[in-house]
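First the structure, in the form of structure tokens, and then the observations on it.
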Amino acid sequence: MGTITPLFKSRKPPVEQIDNVKNTFLLGLSAMMLFTMEGTPPMLENSSCSFGRHTVCFDQLMASLGNQDEKKVILDDFIKMLYRTFVQEAVFVVEDYCERSGQSDLLYVQPWYPFAKAIKDCFSNGFRFGMDLAVNDSMPIRWRKKLITENMRGESLQSSFFDFDDAWDLVDEIRNFVVSID
């Protein structure tokens, strides 16, 4: 049986927090890769892990992963969760750091920030653009060759618009910004 380290430990510098966000994303992608491999490790069938006072058994998960239809749904939801967490946590880290260090005005003028905020909000809104125009008053929002317009409100985010490379590049820009002001 595995154990999990205590949550909410002392704060690390913001660059290390962003690096942890990236590593957590990679850990999730690695886990996903393992679960998509033929013959997912049978040791999980009889395994469990403790989280606080609760112990979670993995047998139900393993049974679901054995069913191809259920496996597809589970892995699709897992990758959505990874992307959501990856971008949202990176934006949270930079916003929190800038607020605590009195540098929010510097954050707000970054060319990537309105886009990052709109994507973060999209992820929070079931992967649909539901922009609060009071927050995103500089429509349209541009980042690199991407353009978010008012008429995208309510539309689903497509991987053809924002994919792995875009998410990674956006978090890299956030990290580079944190390095420049830390």
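Chain labels A, B, ... are given in the sequence in which chains occur in the structure tokens; within each chain residues are numbered consecutively from 1, and ligands are likewise numbered from 1 in the order shown.
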Quiz prompt | Residue contacts of Phe129 in chain A (7 Å, only C-alpha atoms) excluding same-chain residues fewer than 5 positions away, as a VMD selection string | solution = chain A and resid 122 152 to 157
Please produce an output containing N, CA and C atoms for each residue in the selection, written as a PDB file, in the first residue's frame.
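Dumped to out19.pdb:
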```pdb
ATOM      1  N   CYS A 122     -12.062  29.170 -19.395  1.00  0.00           N
ATOM      2  CA  CYS A 122     -12.675  28.190 -20.293  1.00  0.00           C
ATOM      3  C   CYS A 122     -12.623  26.800 -19.657  1.00  0.00           C
ATOM      4  N   MET A 152     -16.958  33.670 -29.821  1.00  0.00           N
ATOM      5  CA  MET A 152     -16.590  32.337 -29.361  1.00  0.00           C
ATOM      6  C   MET A 152     -17.276  31.987 -28.044  1.00  0.00           C
ATOM      7  N   ARG A 153     -17.942  32.957 -27.442  1.00  0.00           N
ATOM      8  CA  ARG A 153     -18.639  32.714 -26.171  1.00  0.00           C
ATOM      9  C   ARG A 153     -19.586  31.525 -26.328  1.00  0.00           C
ATOM     10  N   GLY A 154     -19.479  30.558 -25.413  1.00  0.00           N
ATOM     11  CA  GLY A 154     -20.327  29.375 -25.436  1.00  0.00           C
ATOM     12  C   GLY A 154     -19.786  28.236 -26.280  1.00  0.00           C
ATOM     13  N   GLU A 155     -18.786  28.492 -27.130  1.00  0.00           N
ATOM     14  CA  GLU A 155     -18.209  27.439 -27.958  1.00  0.00           C
ATOM     15  C   GLU A 155     -17.269  26.569 -27.128  1.00  0.00           C
ATOM     16  N   SER A 156     -17.152  25.311 -27.536  1.00  0.00           N
ATOM     17  CA  SER A 156     -16.225  24.383 -26.889  1.00  0.00           C
ATOM     18  C   SER A 156     -14.798  24.652 -27.350  1.00  0.00           C
ATOM     19  N   LEU A 157     -13.882  24.524 -26.435  1.00  0.00           N
ATOM     20  CA  LEU A 157     -12.465  24.627 -26.771  1.00  0.00           C
ATOM     21  C   LEU A 157     -12.081  23.384 -27.556  1.00  0.00           C
TER      22      LEU A 157
END
```
Let's see if you can do this: from backbone DSSP, list all strand (DSSP E) residues in range 33-73 of chain A, as a compact mmCIF listing (two decimals) with N, CA and C atoms, in the first residue's frame.
```
# COMPACT_ATOMS: atom_id res chain seq x y z
N SER A 48 -3.97 -0.84 -3.08
CA SER A 48 -4.73 0.28 -2.50
C SER A 48 -3.75 1.35 -2.08
N CYS A 49 -4.29 2.50 -1.72
CA CYS A 49 -3.45 3.62 -1.29
C CYS A 49 -4.22 4.40 -0.24
N SER A 50 -3.52 4.89 0.75
CA SER A 50 -4.16 5.68 1.81
C SER A 50 -4.04 7.16 1.53
N PHE A 51 -5.16 7.83 1.68
CA PHE A 51 -5.23 9.29 1.55
C PHE A 51 -5.90 9.78 2.83
N HIS A 54 -8.75 7.77 4.61
CA HIS A 54 -9.41 6.90 3.64
C HIS A 54 -8.41 6.04 2.89
N THR A 55 -8.82 4.84 2.61
CA THR A 55 -8.04 3.94 1.78
C THR A 55 -8.83 3.69 0.50
N VAL A 56 -8.15 3.86 -0.62
CA VAL A 56 -8.79 3.70 -1.92
C VAL A 56 -8.24 2.42 -2.55
N CYS A 57 -9.14 1.54 -2.97
CA CYS A 57 -8.75 0.30 -3.65
C CYS A 57 -8.83 0.55 -5.16
```
Quiz item: Between A:Ile119, A:Ile18, A:Leu27, A:Leu147, which one has atoms that come closest to Arg84 in chain A, using only C-alpha atoms?
Solution: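 Using only C-alpha atoms, the shortest distance to Arg84 in chain A belongs to A:Ile119.
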Self-check item: Selection: 8 Å around Asp59 in chain A, only C-alpha atoms, excl. self and same-chain fewer than 5 positions, as a PyMOL selection string
Solution: chain A and resi 44-47
Quiz item: Can you tell me, as a ChimeraX atom specification, what residues are no more than 12 Å from Ala63 in chain A when counting only C-alpha atoms, ignoring any on the same chain fewer than 2 positions away?
Solution: /A:35,40,42,44-46,57-61,65-71,74
I need the residues from that last selection saved to file as a short mmCIF file (atom, residue, chain, number, x, y, z; two decimals), in the first residue's frame (with C-alpha atoms), if you can.
```cif
data_model
loop_
_atom_site.label_atom_id
_atom_site.label_comp_id
_atom_site.auth_asym_id
_atom_site.auth_seq_id
_atom_site.Cartn_x
_atom_site.Cartn_y
_atom_site.Cartn_z
CA PHE A 35 -2.78 2.82 -18.37
CA THR A 40 -1.80 -2.59 -17.55
CA PRO A 42 -2.00 -6.46 -12.82
CA LEU A 44 -2.93 -2.66 -9.26
CA GLU A 45 -5.89 -5.06 -9.21
CA ASN A 46 -5.15 -5.96 -5.58
CA CYS A 57 -8.75 0.30 -3.65
CA PHE A 58 -7.83 0.21 -7.33
CA ASP A 59 -9.76 -2.91 -8.31
CA GLN A 60 -12.78 -0.96 -9.64
CA LEU A 61 -10.47 1.24 -11.71
CA LEU A 65 -9.79 0.00 -17.69
CA GLY A 66 -10.38 -3.54 -18.88
CA ASN A 67 -13.51 -2.39 -20.74
CA GLN A 68 -12.43 -0.51 -23.90
CA ASP A 69 -15.46 1.83 -23.91
CA GLU A 70 -15.05 2.74 -20.23
CA LYS A 71 -11.28 3.04 -20.67
CA ILE A 74 -11.83 7.51 -18.21
#
```
Quiz prompt | DSSP-assigned alpha helix (DSSP H) among range 1-112 of chain A, expressed as a PyMOL selection string | solution = chain A and resi 14-36+59-66+68-101+104-108
Self-check item: Top pick for closest residue to Gln110 in chain A, considering A:Ile174, A:Val21, A:Ile79, A:Met139 and counting only C-alpha atoms
Solution: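 The closest residue to Gln110 in chain A is A:Ile174.
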Counting only C-alpha atoms, give me one row per residue of range 100-171 of chain A with an atom at most 7 Å from an atom of range 86-91 of chain A, showing the shortest contact pair and its distance in Å to one decimal, sorted by chain then residue number, as JSON lines.
```
{"residue": "A:Ala116", "atom": "CA", "partner": "A:Val91", "partner_atom": "CA", "distance": 7.0}
{"residue": "A:Lys120", "atom": "CA", "partner": "A:Gln88", "partner_atom": "CA", "distance": 5.3}
{"residue": "A:Ala167", "atom": "CA", "partner": "A:Val87", "partner_atom": "CA", "distance": 6.8}
{"residue": "A:Val171", "atom": "CA", "partner": "A:Ala90", "partner_atom": "CA", "distance": 6.3}
```
Output C-alpha atoms for every residue in the selection just made, as a PDB file, in the first residue's frame.
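What follows is the written file selection.pdb:
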```
ATOM      1  CA  ALA A 116      -4.010  32.538 -20.115  1.00  0.00           C
ATOM      2  CA  LYS A 120      -8.176  29.121 -17.470  1.00  0.00           C
ATOM      3  CA  ALA A 167      -0.380  24.552 -23.095  1.00  0.00           C
ATOM      4  CA  VAL A 171       3.179  27.668 -19.006  1.00  0.00           C
TER       5      VAL A 171
END
```
Self-check item: Between CA of Met32 in chain A and CA of Val93 in chain A, distance in Å (one decimal)
Solution: 24.8 Å
